[in-house]
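Peer 1: Quick one: structure below, then a few questions.
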Amino acid sequence: MARSARSSTTRLFYTLCSSTKRTPLTPQHPPPTPVAALLAGNFQLRHYAASSATARVREEKDAVWRESLEKVRNIGISAHIDSGKTTLTERVLFYTGRIHEIHEVRGKDGVGAKMDSMDLEREKGITIQSAATYCTWKDYQVNIIDTPGHVDFTIEVERALRVLDGAILVLCSVGGVQSQSITVDRQMRRYEVPRLAFINKLDRMGADPWKVLNQARAKLRHHSAAVQVPIGLEDDFKGLIDLVQSKAYYFHGSNGEKIVAEDIPADMEAIASEKRRELIEAVSEVDDKLAESFLNDEPISSADLEAAIRRATIARKFVPFFMGSAFKNKGVQTLLDGVLSYLPCPVEVSNYALDQTKDEEKVTLTGNPSGPLVALAFKLEEGRFGQLTYLRIYEGVIRKGDFIINVNTGKKIKIPRLVRMHSNEMEDIQEAHAGQIVAVFGVDCASGDTFTDGSVKYTMTSMNVPEPVMSLAVSPVSKDSGGQFSKALNRFQKEDPTFRVGLDAESGETIISGMGELHLDIYVERIRREYKVEAQVGKPRVNFRETITKRADFDYLHKKQSGGQGQYGRVIGYVEPLEPGSGSKFEFENMLVGQTIPSNYVPAIEKGFREAANSGSLIGHPVENIRVVLTDGASHNVDSSELAFKLASIYAFRQCYTAAKPIILEPVMLVDIKVPTEFQGTVTGDINKRKGVIIGNDQEGDDSVITANVPLNMMFGYSTSLRSMTQGKGEFTMEYREHAPVSGDTQTQLVNAYKASKES
């Protein structure tokens, strides 16, 4: 009996373990004992249960963070100067409950808009620095960056767009698509940012949203359509018709905070029906799902149309146009609804990093908070408590007290304080996860640095930084304030990559360079206000360049014998102009055969040529678009050194430079001038006097819009001249276009002036 019970127990053990993977029976692997088999089976069952539970927890965690990120929007507001960006942001903050009263940009109460926190911004009524804030709208967290519209502060727009997932392009219903609107749109394309457009100022005289929409299609090449129709224009502007929901919205209350939804007015049903069909046609051209329903004449519901617009907008194939008047508090809430409905959340945007351990291989960032930390420092500010660094977190979590690694410098840094920004106010937080924009204190870094937790070595692709076009000589009035003056310049250089500081080797003056007169004026004013240093400012200078037009050979022997070791170095080769559009400004090619010059001297030769190219012999400005090819040379066993070859290179460059037929390049600006038609002839004649080339002349109502390429050197004091020519009615904007050769007589004048200054 006992035996049969034991054998049945054995059978039971083997039955229980039969599902486990069998090991082949060999002398090394005898059949397992029943107890061992049962224990092994139990262990595998437990291991399977534990791993499936872990997977389930991970899936639940992923679902939670994905759901939380789906309720986040990172957006920027960009536009041409004076289109109403800051006024729009002020209304957004008011309706979302972030501020409790509205102040205007140039308000009589003297408070100024919330996002213009700098005194200079409030005085001049312009945005100088991009300001970050966040708000909550219908359970969604919206991070907003309000950017400057003036072309001189274009780097602020670049930095904002680099880290945002979506943008609002604000257009003026009277001015339409202007020069800076085109620049901002180009920047949005460069960083592949999906966008909405908002036609603002519908309450103004001469407002025409349909003209602006057609301009956007023609000038910006937008595939776009309106998602709203205004009810009345100018003084009669009462509300908006939503073409997706087929509803009319009116904005009541002292600040437009009460939204009333009604049926579309009978007298506007025809235009609403026509514009809705136009919207469906435009979206179905870029969305296959909607196109199928449209071609089969199926009824298209509001939900289907909204989903199709979202898909097309995120794919950057379509730009929906919203309308309203921020100043008159109409259309802002519906625009916010559009941000939630049509702009992407952080997980819907593809972000890439470059893996430094695998030769900068592209790596897709998932935006998962449980992944390794990857964050980009996109903006620096000097705050009351030290350097404030704005970070966009692409993956992982950052916590107060954590150690992070700056990939660009290799430094390990502890985060002493983590904050969320609301213009110039801060809210302390303990942690932030992927998709958020935060700021940290006490982190020494440069704009564009990448931070990780040390487990990966990724860098984010850097931003496009334009070259400065104008320079000024500055010096402190009092010798005692030299320390503060240097501190100010160092800080501004760190904050703004387009602001450069150099030293004139001949005069010993400090030279600051930037994107235009206003850009440099603002910095001189900030030195005075923030550092209490009065600065003397010289006459603005244009950043000329020199280049060569033909190939020239060089063969130079540098030989110097004094007591002890001498100097000996010979370099042979040629210089030639680079192909247009080559991307680099200076190329050095080593085509030496054999060991005529030992390879350890070649870097010194390249350094010598680069140094020589920093100052051309025509007017002492940098030489660019040049290729130096080293073909031969000679060295001496005893007398050759790095210094000898570096000097030989510098003299060789000067020797062949004149033979290469050098020319001077000057910055040419794209100028947009808007004047009443009666002054068109006078203004055109003045542009021709300034050696400008007119490339466009359009009519906009009673105004003429003249577009021209004009040398920057001829544009000093133009705003005063334009006012006097047009009785104060003209306005203009300009932005850097390219460096182009100067005329023969200008070159002679510049060379003679340079020689005279050297002799005196």
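Here, A, B, ... name the chains of the structure tokens in the order displayed, residue numbers run from 1 inside each chain, and ligands are numbered from 1 in the same displayed order.
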Out of stretch 657-698 of chain A, which residues get alpha helix (DSSP H) from DSSP, as a tab-separated table (two decimals) with all heavy atoms, in the first residue's frame?
Peer 2:
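Output below, filename selection30.tsv:
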```tsv
chain	number	residue	atom	x	y	z
A	657	TYR	N	48.34	86.90	-51.61
A	657	TYR	CA	46.98	87.44	-51.47
A	657	TYR	C	46.64	88.44	-52.59
A	657	TYR	O	45.57	88.36	-53.19
A	657	TYR	CB	46.83	88.10	-50.09
A	657	TYR	CG	45.41	88.49	-49.74
A	657	TYR	CD1	44.42	87.53	-49.65
A	657	TYR	CD2	45.06	89.82	-49.52
A	657	TYR	CE1	43.12	87.88	-49.33
A	657	TYR	CE2	43.76	90.18	-49.21
A	657	TYR	CZ	42.79	89.20	-49.11
A	657	TYR	OH	41.49	89.54	-48.81
A	680	GLN	N	5.63	107.17	-53.17
A	680	GLN	CA	6.35	106.04	-53.77
A	680	GLN	C	7.55	106.48	-54.61
A	680	GLN	O	8.66	105.94	-54.47
A	680	GLN	CB	5.39	105.22	-54.64
A	680	GLN	CG	6.02	103.96	-55.22
A	680	GLN	CD	5.05	103.23	-56.15
A	680	GLN	OE1	3.86	103.52	-56.17
A	680	GLN	NE2	5.56	102.30	-56.91
A	681	GLY	N	7.38	107.49	-55.44
A	681	GLY	CA	8.46	107.96	-56.32
A	681	GLY	C	9.66	108.48	-55.54
A	681	GLY	O	10.81	108.14	-55.84
A	682	THR	N	9.38	109.29	-54.50
A	682	THR	CA	10.47	109.86	-53.68
A	682	THR	C	11.27	108.76	-53.00
A	682	THR	O	12.50	108.77	-52.99
A	682	THR	CB	9.87	110.79	-52.59
A	682	THR	OG1	8.85	111.58	-53.18
A	682	THR	CG2	10.92	111.67	-51.97
A	683	VAL	N	10.54	107.79	-52.41
A	683	VAL	CA	11.20	106.71	-51.66
A	683	VAL	C	12.01	105.82	-52.61
A	683	VAL	O	13.15	105.44	-52.30
A	683	VAL	CB	10.15	105.89	-50.86
A	683	VAL	CG1	10.78	104.65	-50.24
A	683	VAL	CG2	9.52	106.76	-49.78
A	684	THR	N	11.45	105.53	-53.77
A	684	THR	CA	12.16	104.69	-54.76
A	684	THR	C	13.45	105.38	-55.21
A	684	THR	O	14.51	104.75	-55.31
A	684	THR	CB	11.25	104.42	-55.99
A	684	THR	OG1	10.01	103.90	-55.53
A	684	THR	CG2	11.88	103.43	-56.94
A	685	GLY	N	13.37	106.70	-55.46
A	685	GLY	CA	14.56	107.46	-55.87
A	685	GLY	C	15.63	107.43	-54.79
A	685	GLY	O	16.83	107.28	-55.08
A	686	ASP	N	15.20	107.52	-53.52
A	686	ASP	CA	16.15	107.50	-52.40
A	686	ASP	C	16.83	106.12	-52.29
A	686	ASP	O	18.03	106.04	-52.00
A	686	ASP	CB	15.41	107.83	-51.09
A	686	ASP	CG	16.36	107.88	-49.91
A	686	ASP	OD1	17.20	108.79	-49.86
A	686	ASP	OD2	16.27	106.99	-49.04
A	687	ILE	N	16.08	105.06	-52.55
A	687	ILE	CA	16.66	103.69	-52.50
A	687	ILE	C	17.73	103.55	-53.58
A	687	ILE	O	18.81	102.99	-53.35
A	687	ILE	CB	15.55	102.62	-52.69
A	687	ILE	CG1	14.68	102.53	-51.44
A	687	ILE	CG2	16.14	101.24	-53.02
A	687	ILE	CD1	15.33	101.94	-50.22
A	688	ASN	N	17.45	104.07	-54.75
A	688	ASN	CA	18.44	104.02	-55.85
A	688	ASN	C	19.70	104.79	-55.49
A	688	ASN	O	20.82	104.37	-55.79
A	688	ASN	CB	17.83	104.57	-57.15
A	688	ASN	CG	16.77	103.63	-57.71
A	688	ASN	OD1	16.86	102.42	-57.50
A	688	ASN	ND2	15.78	104.18	-58.38
A	689	LYS	N	19.53	105.96	-54.80
A	689	LYS	CA	20.69	106.76	-54.36
A	689	LYS	C	21.56	105.98	-53.38
A	689	LYS	O	22.76	106.13	-53.32
A	689	LYS	CB	20.17	108.03	-53.65
A	689	LYS	CG	20.20	109.27	-54.50
A	689	LYS	CD	19.93	110.47	-53.61
A	689	LYS	CE	18.92	111.38	-54.28
A	689	LYS	NZ	18.35	112.33	-53.32
```
Peer 1: Would you give me, as JSON lines, each residue of stretch 712-734 of chain A having an atom within 12 Å of an atom of stretch 72-93 of chain A, along with its shortest atom pair and that distance in Å to one decimal, using only C-alpha atoms and sorting by chain and residue number?
Peer 2:
```
{"residue": "A:Glu731", "atom": "CA", "partner": "A:Ile81", "partner_atom": "CA", "distance": 11.7}
{"residue": "A:Phe732", "atom": "CA", "partner": "A:Ile81", "partner_atom": "CA", "distance": 10.9}
{"residue": "A:Thr733", "atom": "CA", "partner": "A:Ile81", "partner_atom": "CA", "distance": 9.1}
{"residue": "A:Met734", "atom": "CA", "partner": "A:His80", "partner_atom": "CA", "distance": 11.5}
```
Peer 1: Identify, on the basis of only C-alpha atoms, every residue whose closest approach to A:Ala266 does not exceed 12 Å; exclude the query and any residue fewer than 4 positions from it along the same chain; express the result as a PyMOL selection string.
Peer 2: chain A and resi 231+241+247-248+262+270-273
Peer 1: Mind dumping a table of every stretch 541-595 of chain A residue within 12 Å of stretch 510-517 of chain A, with the nearest atom pair and its distance in Å to one decimal, using only C-alpha atoms, sorted by chain and rising number, as a tab-separated table?
Peer 2:
```
residue	atom	partner	partner_atom	distance
A:Arg541	CA	A:Ser513	CA	9.0
A:Val542	CA	A:Ser513	CA	9.3
A:Asn543	CA	A:Ser513	CA	8.3
```
Peer 1: Could you tell me which of A:Arg737, A:Arg204, A:Lys238, A:Arg311 comes closest to A:Asp288 if we count only C-alpha atoms?
Peer 2: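 Selected residue with least distance to A:Asp288: A:Arg311.
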Peer 1: Within 6 Å of A:Ala377, counting only C-alpha atoms, which residues qualify if same-chain residues fewer than 4 places away don't, as an MDAnalysis selection string?
Peer 2: chainID A and resid 390:391 447:449
Peer 1: Let me see the file: selected residues, all heavy atoms, as a compact mmCIF listing (two decimals), in the first residue's frame.
Peer 2:
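Ended up saving to out.txt:
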```txt
# COMPACT_ATOMS: atom_id res chain seq x y z
N TYR A 390 17.46 77.64 -18.77
CA TYR A 390 16.19 77.04 -19.20
C TYR A 390 16.49 75.69 -19.86
O TYR A 390 17.35 75.61 -20.75
CB TYR A 390 15.49 77.94 -20.23
CG TYR A 390 14.84 79.16 -19.65
CD1 TYR A 390 15.58 80.29 -19.29
CD2 TYR A 390 13.46 79.20 -19.46
CE1 TYR A 390 14.97 81.42 -18.77
CE2 TYR A 390 12.84 80.34 -18.94
CZ TYR A 390 13.60 81.44 -18.60
OH TYR A 390 12.99 82.55 -18.08
N LEU A 391 15.78 74.65 -19.43
CA LEU A 391 15.99 73.31 -19.97
C LEU A 391 14.69 72.78 -20.58
O LEU A 391 13.62 72.95 -20.01
CB LEU A 391 16.40 72.33 -18.86
CG LEU A 391 17.75 72.46 -18.18
CD1 LEU A 391 17.88 71.40 -17.11
CD2 LEU A 391 18.88 72.31 -19.18
N SER A 447 24.71 78.13 -23.92
CA SER A 447 23.46 77.90 -24.64
C SER A 447 23.68 76.79 -25.67
O SER A 447 24.63 76.83 -26.43
CB SER A 447 23.06 79.20 -25.34
OG SER A 447 21.79 79.10 -25.85
N GLY A 448 22.80 75.78 -25.66
CA GLY A 448 22.95 74.68 -26.63
C GLY A 448 23.61 73.44 -26.06
O GLY A 448 23.77 72.44 -26.76
N ASP A 449 24.02 73.46 -24.76
CA ASP A 449 24.63 72.28 -24.13
C ASP A 449 23.56 71.23 -23.83
O ASP A 449 22.41 71.57 -23.54
CB ASP A 449 25.34 72.66 -22.82
CG ASP A 449 26.69 73.32 -23.07
OD1 ASP A 449 27.06 73.46 -24.26
OD2 ASP A 449 27.37 73.71 -22.10
```
Peer 1: For each of A:Lys362, A:Arg528, A:Lys330, A:His621, take the minimum atom-to-atom distance to A:Tyr249, counting only C-alpha atoms, then give the residue where this is smallest.
Peer 2: A:Lys330
Peer 1: Given the choices A:Leu518, A:Ala604, A:Leu343, A:Val628, which gets closest to A:Leu578 if the distance is worked out from only C-alpha atoms?
Peer 2: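 Looking at the shortest contact to A:Leu578, the residue is A:Val628.
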Peer 1: Which neighbours of stretch 295-309 of chain A fall inside 9 Å, counting only C-alpha atoms, when residues of the same chain fewer than 6 positions from it are skipped, and could you give them as a list in words?
Peer 2: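 Residues near the query, excluding close chain neighbours: Leu243, Val244, Gln245, Ser246, Ile280, Val283, Ser284, Asp287, Asp288, Lys289, Phe318, Val319, Pro320, Ser341 and Tyr342 of chain A.
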Peer 1: How far is it from atom CA of A:Lys400 to atom CA of A:Phe441, in Å with one decimal?
Peer 2: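 Computed distance, atom CA of A:Lys400 to atom CA of A:Phe441, equals 10.3 Å.
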Peer 1: Using only C-alpha atoms, which of A:Ile664, A:Ala753, A:Ile314, A:Ala225 sits nearest A:Glu285?
Peer 2: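 Among A:Ile664, A:Ala753, A:Ile314, A:Ala225, it is A:Ala225 that comes nearest to A:Glu285.
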